[in-house]
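Chemist: Just dropping this structure here.
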Amino acid sequence: MGSDKEQGVLVTGGAGFIGSHTVVELLERNVPVIVIDNMTNATASKDEEELPPVLQRIKKIVNPQQGEKLHFIKGSFGDVELLEKIFTKYAISAVIHFGGFKAVGESKELPMMYYSNNVGGTLKLIQSMQKHNVTNMIFSSSATVYSAPGPDDLPLSEKSLTGSCTCPYASTKFFIENILRDLCYADKNWTVISLRYFNPVGAHASGEIGEDPKGIPNNLMPFIAQVAVKRREHLNIYGNDYQTKDGTGVRDYVHVVDLAKGHTAALDVLPKKNGFHTYNLGTGIGTSVLEMLKYFGEVVGRELPYKICDRRPGDLAVMYCDASLAEKELGWTATKSVKEMCEDLWKFQSKNPNGYLP
Ligand code: UDP
């Protein structure tokens, strides 16, 4: 006998940058979504009763029937009582776990907050899932789990060395992956797909949703976008003396909508898999800071100001991936170019110079 509970996928951190784009992809495939987000890193509505702006905009992107399949619960993914209510009310087929703190610099200052929220919260989430026989998870991991690569270690494949992470944020991703691997080894009911993101950038092509960092952006592209709308005077380039094509850092930038589709691809293969699996999600192409600035300037129609500064402690010269395993096993490849990443980011930023705030 089937349950009369509403079915759906639980998305932790669904109001965040990658989470929100994934929610769009899920709804467009008519998958009901239950978002849990405590809004510490996302813009809340002034009126507590209203949906957060990002979710209101998602409802504008998808059709009304799909919009009705979106449910929002304000709270933390590690809140056991709240999870109890959610797992009792809904028949959750899988959890996509984006929730967690993500600022590299902050994690060095407040490591215990990072370990407690990211690792401690995830343990509670896993235990609640276990209790309700929900044993499918897609985990939002990161390229930062890889040990610093030398020139001969690139591109990074899933077999590349992990650990010895450069900051507590990265360590939380590394530890959670290990916890999930051990769990899958011990309990054969579990299937976990851990997606290691390279550098997610861009925005939804509608310009409705995108990245809306609180305070001064830590990452390159949101910072450049704020320079373009004149919220910031110039870009500080952290070093031009790396062993790279133009001396600036090289990264594997991937369009956030491509990344979101990586999650729906993973969701499709979950029932056919068992145990713990990791996949790189990137393009396999390295682009330098100066190149990104130039591409963005071309989209905006003027050169954007920058200053060369000291290197940022802990930064690596070059990171890019071999994404062939995701292609082989998930049927996923990144399709969008760096130009499209810049165009879509500019669409969002120029339409929303102050992010989701009016
Ligand atoms: N970067 C920079 N100025 C900034 C932010 C980043 O020059 O304000 C550089 C950084 O040194 C790195 C690249 O841009 O080479 C990507 O940095 P981001 O923080 O976006 O990603 P991550 O370093 O975590 O891969």
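Following the order of the structure tokens, chains are lettered A, B, ..., residues in each are numbered from 1, and ligands are numbered from 1.
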Could you pull the residues within 10 Å of A:Val229, counting only C-alpha atoms, minus those fewer than 6 positions along the same chain, as number ranges by chain?
Modeler: A: 300, 346, 349-350, 352-354
Chemist: Store the residues of this selection in a file with N, CA and C atoms, as a PDB file, in the first residue's frame.
Modeler:
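In the end it all went to result-v6.pdb:
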```pdb
ATOM      1  N   VAL A 300      30.174  43.719 -20.272  1.00  0.00           N
ATOM      2  CA  VAL A 300      29.674  44.983 -19.725  1.00  0.00           C
ATOM      3  C   VAL A 300      29.887  46.133 -20.716  1.00  0.00           C
ATOM      4  N   TRP A 346      26.017  38.951 -15.477  1.00  0.00           N
ATOM      5  CA  TRP A 346      25.776  40.379 -15.694  1.00  0.00           C
ATOM      6  C   TRP A 346      24.281  40.682 -15.767  1.00  0.00           C
ATOM      7  N   GLN A 349      23.193  40.691 -12.159  1.00  0.00           N
ATOM      8  CA  GLN A 349      23.750  41.794 -11.370  1.00  0.00           C
ATOM      9  C   GLN A 349      23.205  43.150 -11.821  1.00  0.00           C
ATOM     10  N   SER A 350      23.043  43.332 -13.151  1.00  0.00           N
ATOM     11  CA  SER A 350      22.564  44.633 -13.621  1.00  0.00           C
ATOM     12  C   SER A 350      21.074  44.814 -13.307  1.00  0.00           C
ATOM     13  N   ASN A 352      19.699  43.435 -10.668  1.00  0.00           N
ATOM     14  CA  ASN A 352      19.607  43.410  -9.199  1.00  0.00           C
ATOM     15  C   ASN A 352      20.915  43.938  -8.601  1.00  0.00           C
ATOM     16  N   PRO A 353      21.196  45.230  -8.771  1.00  0.00           N
ATOM     17  CA  PRO A 353      22.494  45.737  -8.303  1.00  0.00           C
ATOM     18  C   PRO A 353      22.729  45.496  -6.817  1.00  0.00           C
ATOM     19  N   ASN A 354      21.651  45.433  -6.034  1.00  0.00           N
ATOM     20  CA  ASN A 354      21.804  45.168  -4.599  1.00  0.00           C
ATOM     21  C   ASN A 354      21.358  43.756  -4.234  1.00  0.00           C
TER      22      ASN A 354
END
```
Chemist: Let me see if you get this right: every residue at most 7 Å from ligand 1, counting only C-alpha atoms and all ligand atoms, written as a list in words.
Modeler: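 Those within range of ligand 1 are Asn199, Asn218, Asn219, Leu220, Met221, Phe223, Leu235, Asn236, Ile237, Tyr238, Gly239, Thr248, Gly249, Val250, Arg251, Val289, Arg311, Arg312, Asp315, Leu316 and Ala317 of chain A.
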Chemist: Quick one: residues within 9 Å of A:Ile96, only C-alpha atoms, excluding same-chain residues fewer than 6 positions away - as a list in words?
Modeler: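 My reading of the contact set: Val9, Leu10, Val11, Thr12, Gly13, Gly14, Gly19, Asn136, Met137, Ile138, Phe139, Ser140, His263 and Leu267 of chain A.
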Chemist: Could you work out how far atom CA of A:Glu303 lies from atom CA of A:Gln243, giving the answer in Å with one decimal?
Modeler: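 Atom CA of A:Gln243 sits 24.9 Å away from atom CA of A:Glu303.
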Chemist: Find the distance between atom CA of A:Tyr320 and atom CA of A:Ala225 and write it in Å to one decimal.
Modeler: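 Going from atom CA of A:Tyr320 over to atom CA of A:Ala225, I get 22.5 Å.
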Chemist: So that I can check the surroundings of A:Gly215, please list as a list in words every protein, DNA and RNA residue that reaches within 12 Å of it, counting only C-alpha atoms and ignoring chain neighbours fewer than 4 positions away.
Modeler: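 Near neighbours after the sequence-gap exclusion: Asn41, Ala42, Thr43, Ala103, Asn219, Pro222, Phe223, Gln226, Arg231, Arg232, Asn354 and Gly355 of chain A.
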Chemist: If you keep all heavy atoms, can you produce a file of those selected residues as a CSV table (one decimal), in the first residue's frame?
Modeler:
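Generated file (out-v4.csv):
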```
chain,number,residue,atom,x,y,z
A,41,ASN,N,22.6,32.7,5.5
A,41,ASN,CA,23.4,33.2,4.4
A,41,ASN,C,22.6,33.6,3.2
A,41,ASN,O,23.2,33.7,2.1
A,41,ASN,CB,24.4,32.1,4.1
A,41,ASN,CG,25.8,32.6,4.0
A,41,ASN,OD1,26.0,33.8,4.0
A,41,ASN,ND2,26.7,31.6,4.1
A,42,ALA,N,21.3,33.8,3.4
A,42,ALA,CA,20.5,34.1,2.3
A,42,ALA,C,19.6,35.3,2.7
A,42,ALA,O,19.4,35.5,3.9
A,42,ALA,CB,19.6,32.9,1.9
A,43,THR,N,19.1,36.0,1.8
A,43,THR,CA,18.2,37.2,2.1
A,43,THR,C,16.8,36.8,2.4
A,43,THR,O,16.2,36.1,1.6
A,43,THR,CB,18.2,38.2,0.9
A,43,THR,OG1,19.6,38.5,0.6
A,43,THR,CG2,17.5,39.4,1.2
A,103,ALA,N,32.5,30.1,3.9
A,103,ALA,CA,33.5,31.1,3.7
A,103,ALA,C,34.9,30.7,4.2
A,103,ALA,O,35.0,30.4,5.4
A,103,ALA,CB,33.1,32.4,4.3
A,219,ASN,N,34.6,35.7,-3.2
A,219,ASN,CA,34.9,35.0,-4.5
A,219,ASN,C,35.1,36.0,-5.6
A,219,ASN,O,34.5,37.1,-5.6
A,219,ASN,CB,33.9,33.9,-4.8
A,219,ASN,CG,33.9,32.8,-3.8
A,219,ASN,OD1,32.9,32.7,-3.0
A,219,ASN,ND2,34.9,32.1,-3.7
A,222,PRO,N,31.5,37.3,-8.1
A,222,PRO,CA,30.6,38.3,-7.5
A,222,PRO,C,31.3,39.6,-7.2
A,222,PRO,O,30.7,40.6,-7.3
A,222,PRO,CB,30.2,37.6,-6.2
A,222,PRO,CG,30.7,36.2,-6.2
A,222,PRO,CD,31.6,36.0,-7.3
A,223,PHE,N,32.6,39.5,-6.9
A,223,PHE,CA,33.4,40.8,-6.7
A,223,PHE,C,33.5,41.6,-8.0
A,223,PHE,O,33.2,42.8,-8.0
A,223,PHE,CB,34.8,40.5,-6.1
A,223,PHE,CG,35.3,41.7,-5.4
A,223,PHE,CD1,35.4,41.7,-4.0
A,223,PHE,CD2,35.8,42.8,-6.1
A,223,PHE,CE1,35.9,42.8,-3.3
A,223,PHE,CE2,36.3,43.9,-5.4
A,223,PHE,CZ,36.3,43.9,-4.1
A,226,GLN,N,30.3,43.2,-8.8
A,226,GLN,CA,30.0,44.4,-8.0
A,226,GLN,C,30.9,45.6,-8.4
A,226,GLN,O,30.5,46.8,-8.3
A,226,GLN,CB,30.2,44.1,-6.5
A,226,GLN,CG,29.1,43.2,-6.0
A,226,GLN,CD,29.0,43.1,-4.5
A,226,GLN,OE1,29.7,43.8,-3.7
A,226,GLN,NE2,28.1,42.2,-4.0
A,231,ARG,N,29.5,49.2,-7.2
A,231,ARG,CA,29.4,49.0,-5.7
A,231,ARG,C,30.8,48.9,-5.1
A,231,ARG,O,31.0,49.2,-3.9
A,231,ARG,CB,28.6,47.8,-5.4
A,231,ARG,CG,27.2,48.0,-5.1
A,231,ARG,CD,26.4,46.7,-5.0
A,231,ARG,NE,26.5,46.1,-3.6
A,231,ARG,CZ,25.9,45.0,-3.3
A,231,ARG,NH1,25.2,44.3,-4.2
A,231,ARG,NH2,26.1,44.5,-2.1
A,232,ARG,N,31.8,48.5,-5.9
A,232,ARG,CA,33.2,48.4,-5.4
A,232,ARG,C,34.0,49.2,-6.5
A,232,ARG,O,33.7,49.1,-7.7
A,232,ARG,CB,33.7,47.0,-5.4
A,232,ARG,CG,32.8,46.0,-4.7
A,232,ARG,CD,33.1,45.7,-3.3
A,232,ARG,NE,31.9,45.1,-2.7
A,232,ARG,CZ,31.5,45.4,-1.4
A,232,ARG,NH1,32.2,46.2,-0.7
A,232,ARG,NH2,30.4,44.9,-1.0
A,354,ASN,N,21.7,45.4,-6.0
A,354,ASN,CA,21.8,45.2,-4.6
A,354,ASN,C,21.4,43.8,-4.2
A,354,ASN,O,20.9,43.5,-3.1
A,354,ASN,CB,21.0,46.2,-3.8
A,354,ASN,CG,21.5,47.6,-4.0
A,354,ASN,OD1,22.7,47.8,-4.0
A,354,ASN,ND2,20.6,48.5,-4.4
A,355,GLY,N,21.5,42.9,-5.2
A,355,GLY,CA,21.1,41.5,-4.9
A,355,GLY,C,19.6,41.4,-4.7
A,355,GLY,O,18.8,42.1,-5.4
```
Chemist: Near A:Glu340, counting only C-alpha atoms, which residues have an atom at most 10 Å away, once you skip same-chain residues fewer than 2 positions from it, shown as JSON, numbers by chain?
Modeler: {"A": [202, 203, 205, 255, 295, 296, 299, 335, 336, 337, 338, 342, 343, 344, 345, 346]}
Chemist: Quote the spacing between atom CA of A:Leu70 and atom CA of A:Pro358 in Å to one decimal place.
Modeler: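 Distance between the two atoms: 23.3 Å.
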Chemist: As a list in words, list the residues of stretch 80-132 of chain A assigned to strand (DSSP E) by DSSP on the backbone atoms of this structure.
Modeler: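 Those in stretch 80-132 of chain A that DSSP calls strand (DSSP E) are Tyr90, Ala91, Ile92, Ser93, Ala94, Val95, Ile96 and His97 of chain A.
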Chemist: Keeping only N, CA and C atoms, write the selected residues to a file as a compact mmCIF listing (two decimals), in the first residue's frame.
Modeler:
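Contents of again.txt, as written:
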```
# COMPACT_ATOMS: atom_id res chain seq x y z
N TYR A 90 6.41 14.34 5.17
CA TYR A 90 6.66 14.07 3.75
C TYR A 90 7.32 12.70 3.55
N ALA A 91 7.05 12.10 2.41
CA ALA A 91 7.77 10.89 2.02
C ALA A 91 8.98 11.34 1.21
N ILE A 92 10.12 11.45 1.89
CA ILE A 92 11.32 12.00 1.24
C ILE A 92 12.06 10.86 0.52
N SER A 93 12.24 11.03 -0.79
CA SER A 93 12.94 9.98 -1.55
C SER A 93 14.46 10.16 -1.50
N ALA A 94 14.90 11.41 -1.36
CA ALA A 94 16.35 11.67 -1.30
C ALA A 94 16.57 13.05 -0.68
N VAL A 95 17.75 13.23 -0.12
CA VAL A 95 18.13 14.54 0.42
C VAL A 95 19.27 15.08 -0.44
N ILE A 96 19.13 16.32 -0.89
CA ILE A 96 20.26 17.00 -1.55
C ILE A 96 20.77 18.00 -0.52
N HIS A 97 21.99 17.78 -0.08
CA HIS A 97 22.48 18.48 1.11
C HIS A 97 23.49 19.59 0.74
```
Chemist: Mind checking which residues fall within 12 Å of A:Lys85, counting only C-alpha atoms, ignoring those fewer than 4 positions away in the same chain, and posting them as a list of chain:residue names?
Modeler: A:Ile36, A:Ile73, A:Gly75, A:Asp79, A:Val80, A:Glu81, A:Lys89, A:Tyr90, A:Ala91, A:Ile92, A:Ser128, A:Met129, A:His132
Chemist: Go ahead and save the residues from that selection, with all heavy atoms, as a CSV table (one decimal), in the first residue's frame.
Modeler:
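The resulting file, out28.csv, is shown below:
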```csv
chain,number,residue,atom,x,y,z
A,36,ILE,N,14.7,23.3,3.1
A,36,ILE,CA,15.0,23.7,4.5
A,36,ILE,C,16.2,24.7,4.5
A,36,ILE,O,17.3,24.3,3.9
A,36,ILE,CB,15.1,22.5,5.5
A,36,ILE,CG1,15.5,23.0,6.9
A,36,ILE,CG2,16.1,21.5,5.0
A,36,ILE,CD1,15.4,21.9,8.0
A,73,ILE,N,10.6,25.5,4.5
A,73,ILE,CA,10.6,25.4,6.0
A,73,ILE,C,11.9,26.1,6.5
A,73,ILE,O,13.0,25.8,6.1
A,73,ILE,CB,10.7,23.9,6.4
A,73,ILE,CG1,9.4,23.2,6.0
A,73,ILE,CG2,10.9,23.8,8.0
A,73,ILE,CD1,9.5,21.8,5.8
A,75,GLY,N,14.6,26.8,9.0
A,75,GLY,CA,15.2,26.1,10.1
A,75,GLY,C,16.5,25.5,9.7
A,75,GLY,O,16.9,25.6,8.5
A,79,ASP,N,18.6,20.5,13.0
A,79,ASP,CA,17.6,20.6,14.0
A,79,ASP,C,16.8,19.3,14.0
A,79,ASP,O,15.9,19.1,13.2
A,79,ASP,CB,16.7,21.9,13.7
A,79,ASP,CG,15.6,22.1,14.8
A,79,ASP,OD1,15.2,21.1,15.5
A,79,ASP,OD2,15.1,23.2,14.9
A,80,VAL,N,17.1,18.5,15.0
A,80,VAL,CA,16.5,17.1,15.0
A,80,VAL,C,15.0,17.1,15.1
A,80,VAL,O,14.3,16.4,14.4
A,80,VAL,CB,17.1,16.3,16.1
A,80,VAL,CG1,16.5,14.9,16.2
A,80,VAL,CG2,18.6,16.1,15.9
A,81,GLU,N,14.4,18.0,15.9
A,81,GLU,CA,13.0,18.1,16.1
A,81,GLU,C,12.3,18.5,14.8
A,81,GLU,O,11.3,18.0,14.4
A,81,GLU,CB,12.6,19.1,17.2
A,81,GLU,CG,12.8,18.4,18.6
A,81,GLU,CD,12.6,19.5,19.7
A,81,GLU,OE1,11.8,20.4,19.5
A,81,GLU,OE2,13.2,19.3,20.7
A,89,LYS,N,6.0,14.2,8.0
A,89,LYS,CA,5.0,14.8,7.1
A,89,LYS,C,5.2,14.4,5.6
A,89,LYS,O,4.2,14.2,4.9
A,89,LYS,CB,5.1,16.4,7.2
A,89,LYS,CG,4.1,17.1,6.3
A,89,LYS,CD,3.9,18.5,6.7
A,89,LYS,CE,3.0,19.2,5.8
A,89,LYS,NZ,3.0,20.7,5.9
A,90,TYR,N,6.4,14.3,5.2
A,90,TYR,CA,6.7,14.1,3.7
A,90,TYR,C,7.3,12.7,3.5
A,90,TYR,O,8.1,12.3,4.4
A,90,TYR,CB,7.6,15.1,3.2
A,90,TYR,CG,7.0,16.5,3.2
A,90,TYR,CD1,7.4,17.4,4.2
A,90,TYR,CD2,6.1,17.0,2.2
A,90,TYR,CE1,6.9,18.7,4.2
A,90,TYR,CE2,5.6,18.3,2.2
A,90,TYR,CZ,6.0,19.1,3.2
A,90,TYR,OH,5.5,20.4,3.2
A,91,ALA,N,7.0,12.1,2.4
A,91,ALA,CA,7.8,10.9,2.0
A,91,ALA,C,9.0,11.3,1.2
A,91,ALA,O,8.9,11.6,0.0
A,91,ALA,CB,6.9,10.0,1.2
A,92,ILE,N,10.1,11.4,1.9
A,92,ILE,CA,11.3,12.0,1.2
A,92,ILE,C,12.1,10.9,0.5
A,92,ILE,O,12.5,9.9,1.1
A,92,ILE,CB,12.2,12.7,2.3
A,92,ILE,CG1,11.5,13.8,3.0
A,92,ILE,CG2,13.5,13.2,1.6
A,92,ILE,CD1,11.2,15.0,2.2
A,128,SER,N,18.8,11.4,11.5
A,128,SER,CA,17.3,11.5,11.3
A,128,SER,C,16.9,10.7,10.0
A,128,SER,O,15.8,10.1,10.0
A,128,SER,CB,16.9,13.0,11.2
A,128,SER,OG,17.2,13.6,12.3
A,129,MET,N,17.7,10.8,9.0
A,129,MET,CA,17.4,10.1,7.8
A,129,MET,C,17.3,8.6,8.0
A,129,MET,O,16.4,7.9,7.6
A,129,MET,CB,18.5,10.4,6.7
A,129,MET,CG,18.4,11.8,6.1
A,129,MET,SD,19.9,12.2,5.0
A,129,MET,CE,19.5,11.1,3.7
A,132,HIS,N,14.3,7.3,9.7
A,132,HIS,CA,13.1,7.3,8.8
A,132,HIS,C,13.4,6.5,7.5
A,132,HIS,O,12.6,6.7,6.5
A,132,HIS,CB,12.6,8.7,8.5
A,132,HIS,CG,12.1,9.4,9.7
A,132,HIS,ND1,10.8,9.3,10.1
A,132,HIS,CD2,12.7,10.1,10.7
A,132,HIS,CE1,10.6,9.9,11.2
A,132,HIS,NE2,11.7,10.4,11.6
```
Chemist: Taking only C-alpha atoms into account, name the residue in A:Pro64, A:Gly78, A:Gly282, A:Gly121 that is nearest to A:Trp332.
Modeler: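 Among A:Pro64, A:Gly78, A:Gly282, A:Gly121, it is A:Gly282 that comes nearest to A:Trp332.
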Chemist: Calculated over only C-alpha atoms, which of the candidates A:Gly297, A:Asp4, A:Lys214, A:Lys59 has the smallest distance to A:Thr40?
Modeler: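 Selected residue with least distance to A:Thr40: A:Lys214.
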Chemist: Pick out the residues sitting within 12 Å of A:Gly105, and hand them over as a PDB file with N, CA and C atoms, in the first residue's frame; count only C-alpha atoms, and ignore anything fewer than 2 positions along from it in its own chain.
Modeler:
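Once everything was written out, this is part22.pdb:
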```
ATOM      1  N   PHE A 101      28.077  26.300   6.219  1.00  0.00           N
ATOM      2  CA  PHE A 101      28.840  27.545   6.069  1.00  0.00           C
ATOM      3  C   PHE A 101      29.916  27.328   5.012  1.00  0.00           C
ATOM      4  N   LYS A 102      30.291  28.422   4.311  1.00  0.00           N
ATOM      5  CA  LYS A 102      31.158  28.205   3.143  1.00  0.00           C
ATOM      6  C   LYS A 102      32.264  29.228   2.935  1.00  0.00           C
ATOM      7  N   ALA A 103      32.479  30.109   3.908  1.00  0.00           N
ATOM      8  CA  ALA A 103      33.503  31.134   3.679  1.00  0.00           C
ATOM      9  C   ALA A 103      34.862  30.673   4.209  1.00  0.00           C
ATOM     10  N   SER A 107      36.153  30.586   8.129  1.00  0.00           N
ATOM     11  CA  SER A 107      36.348  29.257   8.741  1.00  0.00           C
ATOM     12  C   SER A 107      37.674  29.176   9.495  1.00  0.00           C
ATOM     13  N   LYS A 108      38.649  29.998   9.068  1.00  0.00           N
ATOM     14  CA  LYS A 108      39.933  29.994   9.781  1.00  0.00           C
ATOM     15  C   LYS A 108      39.799  30.731  11.112  1.00  0.00           C
ATOM     16  N   GLU A 109      38.900  31.705  11.157  1.00  0.00           N
ATOM     17  CA  GLU A 109      38.699  32.462  12.394  1.00  0.00           C
ATOM     18  C   GLU A 109      37.759  31.749  13.351  1.00  0.00           C
ATOM     19  N   LEU A 110      36.783  31.046  12.796  1.00  0.00           N
ATOM     20  CA  LEU A 110      35.760  30.403  13.623  1.00  0.00           C
ATOM     21  C   LEU A 110      35.650  28.909  13.291  1.00  0.00           C
ATOM     22  N   PRO A 111      36.757  28.179  13.473  1.00  0.00           N
ATOM     23  CA  PRO A 111      36.722  26.764  13.053  1.00  0.00           C
ATOM     24  C   PRO A 111      35.655  25.950  13.772  1.00  0.00           C
ATOM     25  N   TYR A 114      32.352  26.197  12.254  1.00  0.00           N
ATOM     26  CA  TYR A 114      32.273  25.432  11.011  1.00  0.00           C
ATOM     27  C   TYR A 114      32.130  23.934  11.280  1.00  0.00           C
ATOM     28  N   THR A 166      43.398  23.104   3.179  1.00  0.00           N
ATOM     29  CA  THR A 166      44.043  24.380   3.522  1.00  0.00           C
ATOM     30  C   THR A 166      43.212  25.243   4.479  1.00  0.00           C
ATOM     31  N   CYS A 167      41.982  24.834   4.796  1.00  0.00           N
ATOM     32  CA  CYS A 167      41.199  25.632   5.744  1.00  0.00           C
ATOM     33  C   CYS A 167      40.113  24.738   6.363  1.00  0.00           C
ATOM     34  N   PRO A 168      39.584  25.152   7.521  1.00  0.00           N
ATOM     35  CA  PRO A 168      38.537  24.337   8.169  1.00  0.00           C
ATOM     36  C   PRO A 168      37.315  24.105   7.285  1.00  0.00           C
ATOM     37  N   TYR A 169      36.931  25.091   6.465  1.00  0.00           N
ATOM     38  CA  TYR A 169      35.787  24.882   5.566  1.00  0.00           C
ATOM     39  C   TYR A 169      36.024  23.639   4.702  1.00  0.00           C
ATOM     40  N   ALA A 170      37.193  23.601   4.066  1.00  0.00           N
ATOM     41  CA  ALA A 170      37.518  22.469   3.188  1.00  0.00           C
ATOM     42  C   ALA A 170      37.578  21.178   3.996  1.00  0.00           C
ATOM     43  N   ILE A 216      31.196  41.853   1.913  1.00  0.00           N
ATOM     44  CA  ILE A 216      32.169  41.928   0.805  1.00  0.00           C
ATOM     45  C   ILE A 216      32.356  40.525   0.231  1.00  0.00           C
ATOM     46  N   PRO A 217      32.176  40.372  -1.095  1.00  0.00           N
ATOM     47  CA  PRO A 217      32.303  39.023  -1.654  1.00  0.00           C
ATOM     48  C   PRO A 217      33.720  38.469  -1.496  1.00  0.00           C
ATOM     49  N   ASN A 218      33.801  37.201  -1.145  1.00  0.00           N
ATOM     50  CA  ASN A 218      35.109  36.537  -1.041  1.00  0.00           C
ATOM     51  C   ASN A 218      35.554  36.007  -2.384  1.00  0.00           C
ATOM     52  N   ASN A 219      34.587  35.661  -3.209  1.00  0.00           N
ATOM     53  CA  ASN A 219      34.918  34.989  -4.472  1.00  0.00           C
ATOM     54  C   ASN A 219      35.060  35.984  -5.619  1.00  0.00           C
ATOM     55  N   ARG A 312      46.768  35.875  -1.803  1.00  0.00           N
ATOM     56  CA  ARG A 312      45.894  35.572  -0.660  1.00  0.00           C
ATOM     57  C   ARG A 312      46.430  34.285  -0.011  1.00  0.00           C
ATOM     58  N   PRO A 313      46.663  34.313   1.316  1.00  0.00           N
ATOM     59  CA  PRO A 313      47.233  33.115   1.952  1.00  0.00           C
ATOM     60  C   PRO A 313      46.386  31.869   1.674  1.00  0.00           C
ATOM     61  N   GLY A 314      47.055  30.783   1.360  1.00  0.00           N
ATOM     62  CA  GLY A 314      46.358  29.511   1.144  1.00  0.00           C
ATOM     63  C   GLY A 314      45.895  29.301  -0.288  1.00  0.00           C
ATOM     64  N   ASP A 315      45.983  30.345  -1.146  1.00  0.00           N
ATOM     65  CA  ASP A 315      45.530  30.185  -2.537  1.00  0.00           C
ATOM     66  C   ASP A 315      46.464  29.275  -3.335  1.00  0.00           C
TER      67      ASP A 315
END
```
Chemist: Mind listing the helix (DSSP H, G or I) residues of stretch 63-226 of chain A, per DSSP on the backbone, as a ChimeraX atom specification?
Modeler: /A:64-67,80-89,104-109,111-131,143-145,151-153,168-186,220-226
Chemist: Considering only C-alpha atoms, can you say which of A:Asn63, A:Val23, A:Trp190, A:Ala228 comes closest to A:Gly301?
Modeler: A:Ala228
